Amino acid sequence: MPELPEVETIRRGILPLTGGKKVERLIVRVHALRYPLDGLKLACLRGQRLEDITRRGKYLLFHFSRGWLLLHLGMSGSLRYLPESRPPAAHDHFDIRFQDGSCLRLRDPRRFGLVLFLEQDPFTHPLLKAFGPEPFSEEMNGAYLHRRSRGKRLPVKELLLDQKTVAGLGNIYVNEALFAAGIDPRKAAGSIGLSRYQRLAAAIREVLGRALAAGGTTLRDFRDGVGNPGYFSVQLQVYGRAGMPCPRCGASVVGERCHQRSIYFCRRCQK
DNA sequence: CCCAAGACCTGGCGGC
DNA sequence: TGCCGCCAGGTCTTGG
């Protein structure tokens, strides 16, 4: 489900509702997520105060008084704020209960998500250490992408999906950004010149910025922290629109597979 | 190091 | 209606 705009939408929604609260206890119903949940470590959070919630790529970082909770929503994860307790439904694997009776509840049918408690700086953790720049940072620009892509023969869309290149992009926004930049997603990353990467860097920011303003993209099940869908779906230009007219030239949008995943593009507008 | 493919899961949908 | 195969917003691991 969630790429940067969705994760950031969740973050902005739940921070004002939970920031400053103290943890009463954690409830783990299902341990087998991407990695097994460590109940003992998580129990350390009891009594700790939630100081802040930040984001790195698609990860949410919960800053507690003495440690960090890392949360990744995988493909199907969602996080929901509940003002008061409510019986769990199917796939509600994990709750953070606060002392005022409210809670944050993680649901994740496919269990590709991740929950990890860290006592040290999360940014040096192996999962985050090699992450590329945030899309809205100055460091993420055309020259950077150009440099990163030299000598690479993999398709440019694969380069962008790699979190070591840019942190936070996923399949939807890679397809949309490449359309906005007029670049064929299958094109070898190393064969694209500087000026086209400059256009791509701008396109990435533009697409993510608009998605963020719309509260993310709901294809089937994305919901923000309080249960609202995102409205960027109606602005998607190519993603999921195989056979429909290209919004720029009217030619039919192509949907095919590239490296085991769907790509959508316009043959006429993207070279 | 680079790259491709397989693995991990469940649910929803289209086709028969 | 029921079953089957395929597809899904992610990313880690393995092997050439």
# chains A, B, ... in the order shown; residues from 1 in each chain; ligands from 1
>>> residues_around(residues="Leu154 in chain A", least_positions_apart="5", cutoff="9 Å", atoms="only C-alpha atoms (C1' of nucleotides)", output="JSON, numbers by chain")
{"A": [159, 186, 187, 188, 189, 190], "B": [2, 3]}
>>> write_last_selection(atoms="N, CA and C atoms (P, O5', C5', C4', C3', O3' and C1' of nucleotides)", output="tab-separated table (two decimals), in the first residue's frame")
chain	number	residue	atom	x	y	z
A	159	LEU	N	16.00	1.53	-10.84
A	159	LEU	CA	16.91	2.39	-10.08
A	159	LEU	C	16.12	3.24	-9.09
A	186	ARG	N	11.54	1.62	-19.09
A	186	ARG	CA	12.39	0.48	-19.40
A	186	ARG	C	13.79	0.89	-19.80
A	187	LYS	N	13.99	2.16	-20.01
A	187	LYS	CA	15.27	2.65	-20.53
A	187	LYS	C	16.40	2.40	-19.51
A	188	ALA	N	17.55	1.98	-20.02
A	188	ALA	CA	18.69	1.73	-19.14
A	188	ALA	C	19.08	3.01	-18.41
A	189	ALA	N	19.19	2.92	-17.09
A	189	ALA	CA	19.44	4.12	-16.28
A	189	ALA	C	20.70	4.86	-16.72
A	190	GLY	N	21.74	4.10	-17.07
A	190	GLY	CA	23.01	4.71	-17.42
A	190	GLY	C	23.03	5.41	-18.77
B	2	DC	P	27.57	-1.53	-8.11
B	2	DC	O5'	27.12	-2.64	-9.15
B	2	DC	C5'	27.59	-2.59	-10.49
B	2	DC	C4'	26.80	-3.60	-11.26
B	2	DC	C3'	25.29	-3.34	-11.22
B	2	DC	O3'	24.81	-3.27	-12.54
B	2	DC	C1'	25.77	-5.58	-10.63
B	3	DC	P	23.43	-2.64	-12.81
B	3	DC	O5'	22.52	-3.94	-12.91
B	3	DC	C5'	22.84	-4.91	-13.90
B	3	DC	C4'	22.13	-6.19	-13.57
B	3	DC	C3'	20.62	-6.07	-13.40
B	3	DC	O3'	20.02	-6.72	-14.50
B	3	DC	C1'	21.61	-7.54	-11.79
>>> residues_around(residues="range 10-27 of chain A", least_positions_apart="2", cutoff="8 Å", atoms="only C-alpha atoms (C1' of nucleotides)", output="PDB file with all heavy atoms, in the first residue's frame")
ATOM      1  N   GLU A   6       1.680   8.394   1.390  1.00  0.00           N
ATOM      2  CA  GLU A   6       0.728   7.734   2.291  1.00  0.00           C
ATOM      3  C   GLU A   6       1.303   7.668   3.706  1.00  0.00           C
ATOM      4  O   GLU A   6       0.606   7.941   4.688  1.00  0.00           O
ATOM      5  CB  GLU A   6       0.408   6.323   1.780  1.00  0.00           C
ATOM      6  CG  GLU A   6      -0.402   6.301   0.479  1.00  0.00           C
ATOM      7  CD  GLU A   6       0.417   6.651  -0.748  1.00  0.00           C
ATOM      8  OE1 GLU A   6       1.582   6.233  -0.804  1.00  0.00           O
ATOM      9  OE2 GLU A   6      -0.081   7.376  -1.632  1.00  0.00           O
ATOM     10  N   VAL A   7       2.568   7.291   3.805  1.00  0.00           N
ATOM     11  CA  VAL A   7       3.187   7.186   5.129  1.00  0.00           C
ATOM     12  C   VAL A   7       3.233   8.564   5.804  1.00  0.00           C
ATOM     13  O   VAL A   7       2.936   8.712   6.987  1.00  0.00           O
ATOM     14  CB  VAL A   7       4.608   6.583   5.013  1.00  0.00           C
ATOM     15  CG1 VAL A   7       5.300   6.565   6.369  1.00  0.00           C
ATOM     16  CG2 VAL A   7       4.540   5.165   4.454  1.00  0.00           C
ATOM     17  N   GLU A   8       3.568   9.570   5.022  1.00  0.00           N
ATOM     18  CA  GLU A   8       3.634  10.924   5.574  1.00  0.00           C
ATOM     19  C   GLU A   8       2.242  11.421   5.983  1.00  0.00           C
ATOM     20  O   GLU A   8       2.099  12.108   6.999  1.00  0.00           O
ATOM     21  CB  GLU A   8       4.275  11.863   4.537  1.00  0.00           C
ATOM     22  CG  GLU A   8       4.392  13.315   4.952  1.00  0.00           C
ATOM     23  CD  GLU A   8       5.292  13.552   6.167  1.00  0.00           C
ATOM     24  OE1 GLU A   8       6.095  12.682   6.535  1.00  0.00           O
ATOM     25  OE2 GLU A   8       5.158  14.645   6.763  1.00  0.00           O
ATOM     26  N   ARG A  29      -0.549  -9.522  18.976  1.00  0.00           N
ATOM     27  CA  ARG A  29      -1.428 -10.674  18.746  1.00  0.00           C
ATOM     28  C   ARG A  29      -0.800 -11.654  17.776  1.00  0.00           C
ATOM     29  O   ARG A  29      -0.957 -12.860  17.891  1.00  0.00           O
ATOM     30  CB  ARG A  29      -2.781 -10.222  18.200  1.00  0.00           C
ATOM     31  CG  ARG A  29      -3.545  -9.369  19.174  1.00  0.00           C
ATOM     32  CD  ARG A  29      -4.921  -9.003  18.651  1.00  0.00           C
ATOM     33  NE  ARG A  29      -5.406  -7.888  19.415  1.00  0.00           N
ATOM     34  CZ  ARG A  29      -5.115  -6.622  19.154  1.00  0.00           C
ATOM     35  NH1 ARG A  29      -4.392  -6.313  18.095  1.00  0.00           N
ATOM     36  NH2 ARG A  29      -5.555  -5.662  19.932  1.00  0.00           N
ATOM     37  N   LEU A  42       9.903  -5.081  23.121  1.00  0.00           N
ATOM     38  CA  LEU A  42       8.802  -4.132  23.002  1.00  0.00           C
ATOM     39  C   LEU A  42       8.242  -3.764  24.372  1.00  0.00           C
ATOM     40  O   LEU A  42       7.783  -2.647  24.593  1.00  0.00           O
ATOM     41  CB  LEU A  42       7.702  -4.708  22.110  1.00  0.00           C
ATOM     42  CG  LEU A  42       8.062  -4.791  20.629  1.00  0.00           C
ATOM     43  CD1 LEU A  42       7.051  -5.632  19.870  1.00  0.00           C
ATOM     44  CD2 LEU A  42       8.154  -3.403  20.020  1.00  0.00           C
ATOM     45  N   ALA A  43       8.319  -4.701  25.298  1.00  0.00           N
ATOM     46  CA  ALA A  43       7.793  -4.443  26.643  1.00  0.00           C
ATOM     47  C   ALA A  43       8.544  -3.300  27.327  1.00  0.00           C
ATOM     48  O   ALA A  43       8.015  -2.664  28.244  1.00  0.00           O
ATOM     49  CB  ALA A  43       7.870  -5.716  27.479  1.00  0.00           C
ATOM     50  N   LEU A  45       8.893  -0.533  26.297  1.00  0.00           N
ATOM     51  CA  LEU A  45       8.240   0.741  25.997  1.00  0.00           C
ATOM     52  C   LEU A  45       7.211   1.151  27.048  1.00  0.00           C
ATOM     53  O   LEU A  45       6.782   2.302  27.109  1.00  0.00           O
ATOM     54  CB  LEU A  45       7.546   0.654  24.636  1.00  0.00           C
ATOM     55  CG  LEU A  45       8.491   0.819  23.452  1.00  0.00           C
ATOM     56  CD1 LEU A  45       7.795   0.462  22.161  1.00  0.00           C
ATOM     57  CD2 LEU A  45       8.993   2.259  23.393  1.00  0.00           C
ATOM     58  N   ARG A  46       6.837   0.219  27.876  1.00  0.00           N
ATOM     59  CA  ARG A  46       5.871   0.502  28.927  1.00  0.00           C
ATOM     60  C   ARG A  46       6.293   1.736  29.735  1.00  0.00           C
ATOM     61  O   ARG A  46       7.433   1.823  30.178  1.00  0.00           O
ATOM     62  CB  ARG A  46       5.812  -0.706  29.866  1.00  0.00           C
ATOM     63  CG  ARG A  46       4.562  -0.843  30.677  1.00  0.00           C
ATOM     64  CD  ARG A  46       4.669  -2.120  31.503  1.00  0.00           C
ATOM     65  NE  ARG A  46       4.232  -3.271  30.708  1.00  0.00           N
ATOM     66  CZ  ARG A  46       3.144  -3.991  30.987  1.00  0.00           C
ATOM     67  NH1 ARG A  46       2.407  -3.701  32.030  1.00  0.00           N
ATOM     68  NH2 ARG A  46       2.800  -5.013  30.239  1.00  0.00           N
ATOM     69  N   GLY A  47       5.395   2.661  29.872  1.00  0.00           N
ATOM     70  CA  GLY A  47       5.685   3.851  30.669  1.00  0.00           C
ATOM     71  C   GLY A  47       6.440   4.944  29.937  1.00  0.00           C
ATOM     72  O   GLY A  47       6.576   6.058  30.438  1.00  0.00           O
ATOM     73  N   GLN A  48       6.951   4.643  28.749  1.00  0.00           N
ATOM     74  CA  GLN A  48       7.718   5.668  28.022  1.00  0.00           C
ATOM     75  C   GLN A  48       6.773   6.659  27.332  1.00  0.00           C
ATOM     76  O   GLN A  48       5.664   6.327  26.945  1.00  0.00           O
ATOM     77  CB  GLN A  48       8.631   5.015  26.973  1.00  0.00           C
ATOM     78  CG  GLN A  48       9.748   4.194  27.599  1.00  0.00           C
ATOM     79  CD  GLN A  48      10.885   3.947  26.619  1.00  0.00           C
ATOM     80  OE1 GLN A  48      11.209   4.794  25.803  1.00  0.00           O
ATOM     81  NE2 GLN A  48      11.500   2.770  26.725  1.00  0.00           N
ATOM     82  N   ARG A  49       7.312   7.869  27.179  1.00  0.00           N
ATOM     83  CA  ARG A  49       6.540   8.945  26.573  1.00  0.00           C
ATOM     84  C   ARG A  49       6.855   9.036  25.083  1.00  0.00           C
ATOM     85  O   ARG A  49       8.022   8.964  24.697  1.00  0.00           O
ATOM     86  CB  ARG A  49       6.922  10.262  27.263  1.00  0.00           C
ATOM     87  CG  ARG A  49       5.974  11.405  27.067  1.00  0.00           C
ATOM     88  CD  ARG A  49       6.526  12.615  27.840  1.00  0.00           C
ATOM     89  NE  ARG A  49       6.952  13.633  26.902  1.00  0.00           N
ATOM     90  CZ  ARG A  49       6.199  14.682  26.562  1.00  0.00           C
ATOM     91  NH1 ARG A  49       5.019  14.851  27.119  1.00  0.00           N
ATOM     92  NH2 ARG A  49       6.631  15.557  25.695  1.00  0.00           N
ATOM     93  N   LEU A  50       5.820   9.190  24.273  1.00  0.00           N
ATOM     94  CA  LEU A  50       6.033   9.359  22.828  1.00  0.00           C
ATOM     95  C   LEU A  50       6.385  10.813  22.557  1.00  0.00           C
ATOM     96  O   LEU A  50       5.542  11.697  22.645  1.00  0.00           O
ATOM     97  CB  LEU A  50       4.774   8.945  22.047  1.00  0.00           C
ATOM     98  CG  LEU A  50       4.825   9.130  20.524  1.00  0.00           C
ATOM     99  CD1 LEU A  50       5.998   8.375  19.904  1.00  0.00           C
ATOM    100  CD2 LEU A  50       3.517   8.686  19.884  1.00  0.00           C
ATOM    101  N   GLU A  51       7.669  11.057  22.238  1.00  0.00           N
ATOM    102  CA  GLU A  51       8.151  12.434  22.090  1.00  0.00           C
ATOM    103  C   GLU A  51       7.844  12.993  20.707  1.00  0.00           C
ATOM    104  O   GLU A  51       7.584  14.179  20.550  1.00  0.00           O
ATOM    105  CB  GLU A  51       9.669  12.489  22.313  1.00  0.00           C
ATOM    106  CG  GLU A  51      10.154  11.820  23.596  1.00  0.00           C
ATOM    107  CD  GLU A  51       9.877  12.652  24.839  1.00  0.00           C
ATOM    108  OE1 GLU A  51       9.361  13.764  24.709  1.00  0.00           O
ATOM    109  OE2 GLU A  51      10.168  12.149  25.950  1.00  0.00           O
ATOM    110  N   ASP A  52       7.952  12.133  19.687  1.00  0.00           N
ATOM    111  CA  ASP A  52       7.796  12.643  18.321  1.00  0.00           C
ATOM    112  C   ASP A  52       7.591  11.461  17.372  1.00  0.00           C
ATOM    113  O   ASP A  52       7.907  10.323  17.718  1.00  0.00           O
ATOM    114  CB  ASP A  52       9.063  13.420  17.909  1.00  0.00           C
ATOM    115  CG  ASP A  52       8.819  14.335  16.712  1.00  0.00           C
ATOM    116  OD1 ASP A  52       7.663  14.456  16.262  1.00  0.00           O
ATOM    117  OD2 ASP A  52       9.803  14.918  16.219  1.00  0.00           O
ATOM    118  N   ILE A  53       7.053  11.759  16.216  1.00  0.00           N
ATOM    119  CA  ILE A  53       6.977  10.747  15.153  1.00  0.00           C
ATOM    120  C   ILE A  53       7.588  11.368  13.907  1.00  0.00           C
ATOM    121  O   ILE A  53       7.159  12.439  13.483  1.00  0.00           O
ATOM    122  CB  ILE A  53       5.523  10.318  14.845  1.00  0.00           C
ATOM    123  CG1 ILE A  53       4.793   9.872  16.114  1.00  0.00           C
ATOM    124  CG2 ILE A  53       5.507   9.195  13.800  1.00  0.00           C
ATOM    125  CD1 ILE A  53       3.294   9.625  15.905  1.00  0.00           C
ATOM    126  N   THR A  54       8.615  10.726  13.373  1.00  0.00           N
ATOM    127  CA  THR A  54       9.217  11.228  12.137  1.00  0.00           C
ATOM    128  C   THR A  54       9.150  10.125  11.090  1.00  0.00           C
ATOM    129  O   THR A  54       8.621   9.039  11.335  1.00  0.00           O
ATOM    130  CB  THR A  54      10.674  11.692  12.356  1.00  0.00           C
ATOM    131  OG1 THR A  54      11.434  10.593  12.859  1.00  0.00           O
ATOM    132  CG2 THR A  54      10.741  12.838  13.342  1.00  0.00           C
ATOM    133  N   ARG A  55       9.687  10.420   9.933  1.00  0.00           N
ATOM    134  CA  ARG A  55       9.615   9.475   8.823  1.00  0.00           C
ATOM    135  C   ARG A  55      10.948   9.446   8.090  1.00  0.00           C
ATOM    136  O   ARG A  55      11.615  10.475   7.969  1.00  0.00           O
ATOM    137  CB  ARG A  55       8.505   9.906   7.845  1.00  0.00           C
ATOM    138  CG  ARG A  55       8.311   8.989   6.650  1.00  0.00           C
ATOM    139  CD  ARG A  55       7.409   9.619   5.613  1.00  0.00           C
ATOM    140  NE  ARG A  55       7.883  10.931   5.203  1.00  0.00           N
ATOM    141  CZ  ARG A  55       8.955  11.132   4.445  1.00  0.00           C
ATOM    142  NH1 ARG A  55       9.648  10.108   3.976  1.00  0.00           N
ATOM    143  NH2 ARG A  55       9.334  12.358   4.157  1.00  0.00           N
ATOM    144  N   LEU A  60       8.124   4.752   9.482  1.00  0.00           N
ATOM    145  CA  LEU A  60       7.752   5.687  10.542  1.00  0.00           C
ATOM    146  C   LEU A  60       8.673   5.436  11.718  1.00  0.00           C
ATOM    147  O   LEU A  60       8.942   4.285  12.067  1.00  0.00           O
ATOM    148  CB  LEU A  60       6.302   5.461  10.977  1.00  0.00           C
ATOM    149  CG  LEU A  60       5.229   5.982  10.026  1.00  0.00           C
ATOM    150  CD1 LEU A  60       3.856   5.526  10.487  1.00  0.00           C
ATOM    151  CD2 LEU A  60       5.289   7.506   9.918  1.00  0.00           C
ATOM    152  N   LEU A  79      -2.237   1.857   9.771  1.00  0.00           N
ATOM    153  CA  LEU A  79      -2.105   2.227  11.171  1.00  0.00           C
ATOM    154  C   LEU A  79      -3.269   3.137  11.489  1.00  0.00           C
ATOM    155  O   LEU A  79      -3.550   4.088  10.751  1.00  0.00           O
ATOM    156  CB  LEU A  79      -0.783   2.965  11.366  1.00  0.00           C
ATOM    157  CG  LEU A  79      -0.319   3.180  12.791  1.00  0.00           C
ATOM    158  CD1 LEU A  79      -0.064   1.839  13.472  1.00  0.00           C
ATOM    159  CD2 LEU A  79       0.973   3.991  12.784  1.00  0.00           C
ATOM    160  N   TYR A  81      -5.560   5.269  14.501  1.00  0.00           N
ATOM    161  CA  TYR A  81      -5.715   5.788  15.858  1.00  0.00           C
ATOM    162  C   TYR A  81      -7.116   5.481  16.351  1.00  0.00           C
ATOM    163  O   TYR A  81      -8.098   5.783  15.676  1.00  0.00           O
ATOM    164  CB  TYR A  81      -5.498   7.301  15.873  1.00  0.00           C
ATOM    165  CG  TYR A  81      -5.813   7.936  17.205  1.00  0.00           C
ATOM    166  CD1 TYR A  81      -4.902   7.850  18.253  1.00  0.00           C
ATOM    167  CD2 TYR A  81      -7.025   8.595  17.409  1.00  0.00           C
ATOM    168  CE1 TYR A  81      -5.199   8.408  19.485  1.00  0.00           C
ATOM    169  CE2 TYR A  81      -7.322   9.166  18.644  1.00  0.00           C
ATOM    170  CZ  TYR A  81      -6.394   9.068  19.674  1.00  0.00           C
ATOM    171  OH  TYR A  81      -6.692   9.624  20.894  1.00  0.00           O
ATOM    172  N   PHE A  94      -1.111  -5.704  16.158  1.00  0.00           N
ATOM    173  CA  PHE A  94      -0.276  -5.015  17.138  1.00  0.00           C
ATOM    174  C   PHE A  94      -0.935  -3.712  17.571  1.00  0.00           C
ATOM    175  O   PHE A  94      -1.436  -2.957  16.739  1.00  0.00           O
ATOM    176  CB  PHE A  94       1.075  -4.732  16.445  1.00  0.00           C
ATOM    177  CG  PHE A  94       2.043  -3.930  17.238  1.00  0.00           C
ATOM    178  CD1 PHE A  94       2.680  -4.485  18.330  1.00  0.00           C
ATOM    179  CD2 PHE A  94       2.336  -2.614  16.875  1.00  0.00           C
ATOM    180  CE1 PHE A  94       3.597  -3.738  19.063  1.00  0.00           C
ATOM    181  CE2 PHE A  94       3.247  -1.874  17.602  1.00  0.00           C
ATOM    182  CZ  PHE A  94       3.877  -2.444  18.701  1.00  0.00           C
ATOM    183  N   ASP A  95      -0.970  -3.473  18.887  1.00  0.00           N
ATOM    184  CA  ASP A  95      -1.501  -2.207  19.430  1.00  0.00           C
ATOM    185  C   ASP A  95      -0.450  -1.530  20.299  1.00  0.00           C
ATOM    186  O   ASP A  95       0.253  -2.203  21.057  1.00  0.00           O
ATOM    187  CB  ASP A  95      -2.685  -2.450  20.377  1.00  0.00           C
ATOM    188  CG  ASP A  95      -3.965  -2.841  19.652  1.00  0.00           C
ATOM    189  OD1 ASP A  95      -3.982  -2.841  18.408  1.00  0.00           O
ATOM    190  OD2 ASP A  95      -4.948  -3.148  20.359  1.00  0.00           O
ATOM    191  N   ILE A  96      -0.384  -0.209  20.224  1.00  0.00           N
ATOM    192  CA  ILE A  96       0.304   0.569  21.254  1.00  0.00           C
ATOM    193  C   ILE A  96      -0.796   1.235  22.055  1.00  0.00           C
ATOM    194  O   ILE A  96      -1.501   2.111  21.535  1.00  0.00           O
ATOM    195  CB  ILE A  96       1.199   1.669  20.645  1.00  0.00           C
ATOM    196  CG1 ILE A  96       2.211   1.075  19.664  1.00  0.00           C
ATOM    197  CG2 ILE A  96       1.923   2.445  21.762  1.00  0.00           C
ATOM    198  CD1 ILE A  96       3.034   2.132  18.936  1.00  0.00           C
ATOM    199  N   ARG A  97      -0.965   0.797  23.289  1.00  0.00           N
ATOM    200  CA  ARG A  97      -2.011   1.405  24.122  1.00  0.00           C
ATOM    201  C   ARG A  97      -1.408   2.489  24.984  1.00  0.00           C
ATOM    202  O   ARG A  97      -0.364   2.306  25.607  1.00  0.00           O
ATOM    203  CB  ARG A  97      -2.669   0.342  25.007  1.00  0.00           C
ATOM    204  CG  ARG A  97      -3.487  -0.632  24.177  1.00  0.00           C
ATOM    205  CD  ARG A  97      -4.508  -1.324  25.027  1.00  0.00           C
ATOM    206  NE  ARG A  97      -5.213  -0.393  25.902  1.00  0.00           N
ATOM    207  CZ  ARG A  97      -6.255  -0.731  26.648  1.00  0.00           C
ATOM    208  NH1 ARG A  97      -6.698  -1.977  26.634  1.00  0.00           N
ATOM    209  NH2 ARG A  97      -6.825   0.150  27.421  1.00  0.00           N
ATOM    210  N   PHE A  98      -2.093   3.635  25.018  1.00  0.00           N
ATOM    211  CA  PHE A  98      -1.620   4.748  25.835  1.00  0.00           C
ATOM    212  C   PHE A  98      -2.393   4.785  27.148  1.00  0.00           C
ATOM    213  O   PHE A  98      -3.464   4.201  27.269  1.00  0.00           O
ATOM    214  CB  PHE A  98      -1.767   6.056  25.060  1.00  0.00           C
ATOM    215  CG  PHE A  98      -0.919   6.112  23.823  1.00  0.00           C
ATOM    216  CD1 PHE A  98      -1.477   5.904  22.564  1.00  0.00           C
ATOM    217  CD2 PHE A  98       0.455   6.330  23.911  1.00  0.00           C
ATOM    218  CE1 PHE A  98      -0.683   5.928  21.424  1.00  0.00           C
ATOM    219  CE2 PHE A  98       1.251   6.355  22.773  1.00  0.00           C
ATOM    220  CZ  PHE A  98       0.678   6.159  21.529  1.00  0.00           C
ATOM    221  N   GLN A  99      -1.812   5.553  28.094  1.00  0.00           N
ATOM    222  CA  GLN A  99      -2.402   5.565  29.441  1.00  0.00           C
ATOM    223  C   GLN A  99      -3.775   6.223  29.483  1.00  0.00           C
ATOM    224  O   GLN A  99      -4.530   6.022  30.420  1.00  0.00           O
ATOM    225  CB  GLN A  99      -1.436   6.242  30.427  1.00  0.00           C
ATOM    226  CG  GLN A  99      -0.208   5.364  30.687  1.00  0.00           C
ATOM    227  CD  GLN A  99       0.811   6.003  31.612  1.00  0.00           C
ATOM    228  OE1 GLN A  99       0.658   7.147  32.030  1.00  0.00           O
ATOM    229  NE2 GLN A  99       1.861   5.255  31.930  1.00  0.00           N
ATOM    230  N   ASP A 100      -4.105   7.029  28.464  1.00  0.00           N
ATOM    231  CA  ASP A 100      -5.430   7.648  28.445  1.00  0.00           C
ATOM    232  C   ASP A 100      -6.491   6.756  27.795  1.00  0.00           C
ATOM    233  O   ASP A 100      -7.624   7.187  27.578  1.00  0.00           O
ATOM    234  CB  ASP A 100      -5.375   9.005  27.726  1.00  0.00           C
ATOM    235  CG  ASP A 100      -5.135   8.850  26.225  1.00  0.00           C
ATOM    236  OD1 ASP A 100      -4.806   7.723  25.783  1.00  0.00           O
ATOM    237  OD2 ASP A 100      -5.279   9.853  25.497  1.00  0.00           O
ATOM    238  N   ASP A 224      -5.844   6.882   6.025  1.00  0.00           N
ATOM    239  CA  ASP A 224      -4.938   7.637   6.895  1.00  0.00           C
ATOM    240  C   ASP A 224      -5.153   7.216   8.353  1.00  0.00           C
ATOM    241  O   ASP A 224      -5.920   6.293   8.626  1.00  0.00           O
ATOM    242  CB  ASP A 224      -5.107   9.146   6.672  1.00  0.00           C
ATOM    243  CG  ASP A 224      -6.449   9.663   7.175  1.00  0.00           C
ATOM    244  OD1 ASP A 224      -7.173   8.908   7.890  1.00  0.00           O
ATOM    245  OD2 ASP A 224      -6.786  10.815   6.863  1.00  0.00           O
ATOM    246  N   GLY A 225      -4.518   7.904   9.273  1.00  0.00           N
ATOM    247  CA  GLY A 225      -4.544   7.480  10.664  1.00  0.00           C
ATOM    248  C   GLY A 225      -5.920   7.489  11.320  1.00  0.00           C
ATOM    249  O   GLY A 225      -6.122   6.879  12.366  1.00  0.00           O
ATOM    250  N   VAL A 226      -6.862   8.200  10.727  1.00  0.00           N
ATOM    251  CA  VAL A 226      -8.196   8.203  11.328  1.00  0.00           C
ATOM    252  C   VAL A 226      -9.255   7.594  10.406  1.00  0.00           C
ATOM    253  O   VAL A 226     -10.450   7.672  10.684  1.00  0.00           O
ATOM    254  CB  VAL A 226      -8.625   9.633  11.766  1.00  0.00           C
ATOM    255  CG1 VAL A 226      -7.754  10.102  12.911  1.00  0.00           C
ATOM    256  CG2 VAL A 226      -8.562  10.618  10.606  1.00  0.00           C
TER     257      VAL A 226
END
>>> interface_residues(of="chain C", to="chain A", cutoff="10 Å", atoms="only C-alpha atoms (C1' of nucleotides)", output="MDAnalysis selection string")
chainID C and resid 7:12
>>> write_last_selection(atoms="C-alpha atoms (C1' of nucleotides)", output="tab-separated table (two decimals), in the first residue's frame")
chain	number	residue	atom	x	y	z
C	7	DC	C1'	-2.42	-9.75	-9.51
C	8	DA	C1'	-1.44	-6.26	-5.69
C	9	DG	C1'	1.00	0.04	-3.18
C	10	DG	C1'	7.50	-3.80	-0.62
C	11	DT	C1'	11.97	-5.43	0.03
C	12	DC	C1'	15.11	-9.02	1.55
>>> closest_atom_pairs(of="chain B", to="chain A", cutoff="9 Å", atoms="only C-alpha atoms (C1' of nucleotides)", output="JSON lines")
{"residue": "B:DC2", "atom": "C1'", "partner": "A:Lys152", "partner_atom": "CA", "distance": 7.9}
{"residue": "B:DC3", "atom": "C1'", "partner": "A:Leu154", "partner_atom": "CA", "distance": 7.2}
{"residue": "B:DA4", "atom": "C1'", "partner": "A:His259", "partner_atom": "CA", "distance": 7.7}
{"residue": "B:DA5", "atom": "C1'", "partner": "A:Gln260", "partner_atom": "CA", "distance": 8.5}
{"residue": "B:DC8", "atom": "C1'", "partner": "A:Phe112", "partner_atom": "CA", "distance": 7.4}
{"residue": "B:DC9", "atom": "C1'", "partner": "A:Arg110", "partner_atom": "CA", "distance": 4.5}
{"residue": "B:DT10", "atom": "C1'", "partner": "A:Arg110", "partner_atom": "CA", "distance": 4.9}
{"residue": "B:DG11", "atom": "C1'", "partner": "A:Pro109", "partner_atom": "CA", "distance": 8.1}
>>> write_last_selection(atoms="N, CA and C atoms (P, O5', C5', C4', C3', O3' and C1' of nucleotides)", output="short mmCIF file (atom, residue, chain, number, x, y, z; two decimals), in the first residue's frame")
data_model
loop_
_atom_site.label_atom_id
_atom_site.label_comp_id
_atom_site.auth_asym_id
_atom_site.auth_seq_id
_atom_site.Cartn_x
_atom_site.Cartn_y
_atom_site.Cartn_z
P DC B 2 27.57 -1.53 -8.11
"O5'" DC B 2 27.12 -2.64 -9.15
"C5'" DC B 2 27.59 -2.59 -10.49
"C4'" DC B 2 26.80 -3.60 -11.26
"C3'" DC B 2 25.29 -3.34 -11.22
"O3'" DC B 2 24.81 -3.27 -12.54
"C1'" DC B 2 25.77 -5.58 -10.63
P DC B 3 23.43 -2.64 -12.81
"O5'" DC B 3 22.52 -3.94 -12.91
"C5'" DC B 3 22.84 -4.91 -13.90
"C4'" DC B 3 22.13 -6.19 -13.57
"C3'" DC B 3 20.62 -6.07 -13.40
"O3'" DC B 3 20.02 -6.72 -14.50
"C1'" DC B 3 21.61 -7.54 -11.79
P DA B 4 18.49 -6.66 -14.73
"O5'" DA B 4 18.04 -8.13 -14.32
"C5'" DA B 4 18.67 -9.23 -14.94
"C4'" DA B 4 18.14 -10.51 -14.34
"C3'" DA B 4 16.63 -10.58 -14.23
"O3'" DA B 4 16.22 -11.85 -14.68
"C1'" DA B 4 17.61 -10.90 -12.09
P DA B 5 14.72 -12.27 -14.80
"O5'" DA B 5 14.53 -13.22 -13.54
"C5'" DA B 5 15.48 -14.24 -13.29
"C4'" DA B 5 15.17 -14.89 -11.97
"C3'" DA B 5 13.67 -15.12 -11.72
"O3'" DA B 5 13.54 -16.45 -11.26
"C1'" DA B 5 14.63 -13.95 -9.89
P DC B 8 8.80 -19.11 0.76
"O5'" DC B 8 8.28 -17.86 1.60
"C5'" DC B 8 9.09 -17.29 2.61
"C4'" DC B 8 8.51 -15.94 2.96
"C3'" DC B 8 7.02 -15.99 3.28
"O3'" DC B 8 6.86 -16.00 4.69
"C1'" DC B 8 7.65 -14.06 1.99
P DC B 9 5.70 -16.84 5.29
"O5'" DC B 9 4.52 -15.79 5.17
"C5'" DC B 9 3.31 -16.23 4.71
"C4'" DC B 9 2.43 -15.03 4.55
"C3'" DC B 9 1.05 -15.45 4.10
"O3'" DC B 9 0.26 -15.59 5.27
"C1'" DC B 9 1.85 -13.59 2.82
P DT B 10 -1.10 -16.37 5.16
"O5'" DT B 10 -2.13 -15.28 4.62
"C5'" DT B 10 -2.34 -14.09 5.37
"C4'" DT B 10 -3.19 -13.17 4.53
"C3'" DT B 10 -4.52 -13.79 4.11
"O3'" DT B 10 -5.54 -12.93 4.58
"C1'" DT B 10 -3.39 -12.86 2.22
P DG B 11 -7.06 -13.21 4.27
"O5'" DG B 11 -7.33 -12.33 2.97
"C5'" DG B 11 -7.02 -10.94 3.03
"C4'" DG B 11 -7.47 -10.28 1.75
"C3'" DG B 11 -8.85 -10.70 1.27
"O3'" DG B 11 -9.42 -9.56 0.68
"C1'" DG B 11 -7.29 -11.25 -0.38
#
